[in-house]
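J.: Got a structure here, written out as C-alpha cells. Questions coming.
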Amino acid sequence: MDLLGWIFVGLLAGALAKLVMPGRDPGGCVVTILLGIAGALLAGFVGRLAGFYAPEEGAGFVAAVLGSVAVLALYRWFAVRR
C-alpha cells in the first residue's frame with residue numbers, strides 16, 4: 001500500500017511541478033505526471049537514506065513536489081541536449 005500512496009502523491013506532485021515549472025515539455029502532460037511519480041519515489045528513497053523518514057513512512061508532499069521538480073528539470077535538460 002505504501003507504493004500506491006507514493007504513486008497517488010506523485011500524481012499530485014507531478015501536476016504541481018508542471019505548474020511550478022511552466023513551459024514546453026518534450027513528453028507532454030502524461031510524461032510530466034509519470035516524472036512526478038518518479039520524483040515522489042526518489043524523494044522517499046533519499047529521505048529514508050538521509051534519516052528523515054522511518055522505514056514505514058512515506059515522503060511528505062513538499063518533498064515529493066521538490067523531487068518531482070528535480071526530476072522534471074533533469075528530464076528537460078537531457079531532452080534539450082539531444
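Letters for chains follow the order of the C-alpha cells (A, B, ...), residue numbers begin at 1 for each chain, and ligand numbers begin at 1 in the order shown.
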Run DSSP on the backbone and grab whatever in region 7-61 of chain A lands in helix (DSSP H, G or I); send it over as number ranges by chain.
T.: A: 7-20, 28-50, 61
J.: May I have the residues within 9 Å of Gly44 (chain A) as a list in words, using only C-alpha atoms and disregarding those fewer than 3 positions away in the same chain?
T.: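 Within the cut-off, the hits are Trp6, Gly39, Ala40, Leu41, Gly47, Arg48, Leu49, Tyr53, Glu57, Gly58, Ala59, Gly60, Ala63, Ala64 and Gly67 of chain A.
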J.: Quick one: distance from CA of Ala50 (chain A) to CA of Ala15 (chain A) in Å, one decimal?
T.: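 According to the coordinates, CA of Ala50 (chain A) and CA of Ala15 (chain A) are separated by 25.9 Å.
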J.: Hey, which of A:Arg24, A:Val69, A:Val46, A:Val62 ends up closest to Val9 (chain A)? Count only C-alpha atoms.
T.: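 Answer, going by the shortest atom-to-atom distance: A:Val62.
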J.: Would you please work out which residue, of A:Leu19, A:Ile7, A:Val31, A:Leu42, is nearest to Ala70 (chain A) when using only C-alpha atoms?
T.: A:Leu42
J.: Tell me which protein, DNA and RNA residues are within 10 Å of Phe8 (chain A), counting only C-alpha atoms, leaving out same-chain ones fewer than 4 positions away, and put them as a PyMOL selection string.
T.: chain A and resi 2-4+12-14+36-37+40
J.: For the selection just defined, write its residues with N, CA, C and O atoms to a file, as a tab-separated table (two decimals), in the first residue's frame.
T.:
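Output contents, as saved in again33.tsv:
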```
chain	number	residue	atom	x	y	z
A	2	ASP	N	2.06	1.17	0.54
A	2	ASP	CA	2.93	2.35	0.54
A	2	ASP	C	3.23	2.82	-0.87
A	2	ASP	O	3.24	4.01	-1.15
A	3	LEU	N	3.48	1.89	-1.75
A	3	LEU	CA	3.80	2.23	-3.13
A	3	LEU	C	2.62	2.92	-3.80
A	3	LEU	O	2.79	3.90	-4.53
A	4	LEU	N	1.42	2.44	-3.55
A	4	LEU	CA	0.22	3.09	-4.12
A	4	LEU	C	0.04	4.50	-3.57
A	4	LEU	O	-0.35	5.42	-4.30
A	12	LEU	N	-0.19	13.95	-7.87
A	12	LEU	CA	-0.46	15.33	-7.46
A	12	LEU	C	0.81	16.18	-7.53
A	12	LEU	O	0.77	17.34	-7.97
A	13	ALA	N	1.93	15.62	-7.11
A	13	ALA	CA	3.19	16.36	-7.14
A	13	ALA	C	3.62	16.65	-8.57
A	13	ALA	O	4.17	17.72	-8.85
A	14	GLY	N	3.40	15.73	-9.48
A	14	GLY	CA	3.74	15.95	-10.88
A	14	GLY	C	2.91	17.06	-11.49
A	14	GLY	O	3.42	17.89	-12.25
A	36	GLY	N	6.56	12.96	-12.13
A	36	GLY	CA	6.16	13.31	-10.77
A	36	GLY	C	6.13	12.11	-9.86
A	36	GLY	O	6.54	12.16	-8.70
A	37	ILE	N	5.65	10.99	-10.38
A	37	ILE	CA	5.66	9.75	-9.60
A	37	ILE	C	7.10	9.34	-9.31
A	37	ILE	O	7.43	8.97	-8.17
A	40	ALA	N	8.47	11.57	-6.58
A	40	ALA	CA	7.98	11.22	-5.24
A	40	ALA	C	8.70	9.98	-4.71
A	40	ALA	O	9.06	9.92	-3.53
```
J.: Report, in Å to a single decimal, how far apart CA of Gly5 (chain A) and CA of Gly23 (chain A) are.
T.: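 It comes out at 27.9 Å.
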J.: Separation of CA of Ile33 (chain A) and CA of Met21 (chain A), in Å?
T.: 12.8 Å
J.: My list of candidates is A:Leu72, A:Leu34, A:Val65, A:Ala43. Which is closest to Pro22 (chain A) when distances are computed with only C-alpha atoms?
T.: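 Closest residue, counting only C-alpha atoms: A:Leu72.
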J.: Rank A:Ala17, A:Ala79, A:Leu74, A:Ser68 by their smallest atom-to-atom distance to Leu35 (chain A), using only C-alpha atoms, and report the top residue only.
T.: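 Checking each of A:Ala17, A:Ala79, A:Leu74, A:Ser68 against Leu35 (chain A), counting only C-alpha atoms, the winner is A:Ser68.
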J.: Which is closer to Val20 (chain A) than all the others in A:Val80, A:Ala38, A:Ala54, A:Leu66, using only C-alpha atoms?
T.: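 Using only C-alpha atoms, the shortest distance to Val20 (chain A) belongs to A:Leu66.
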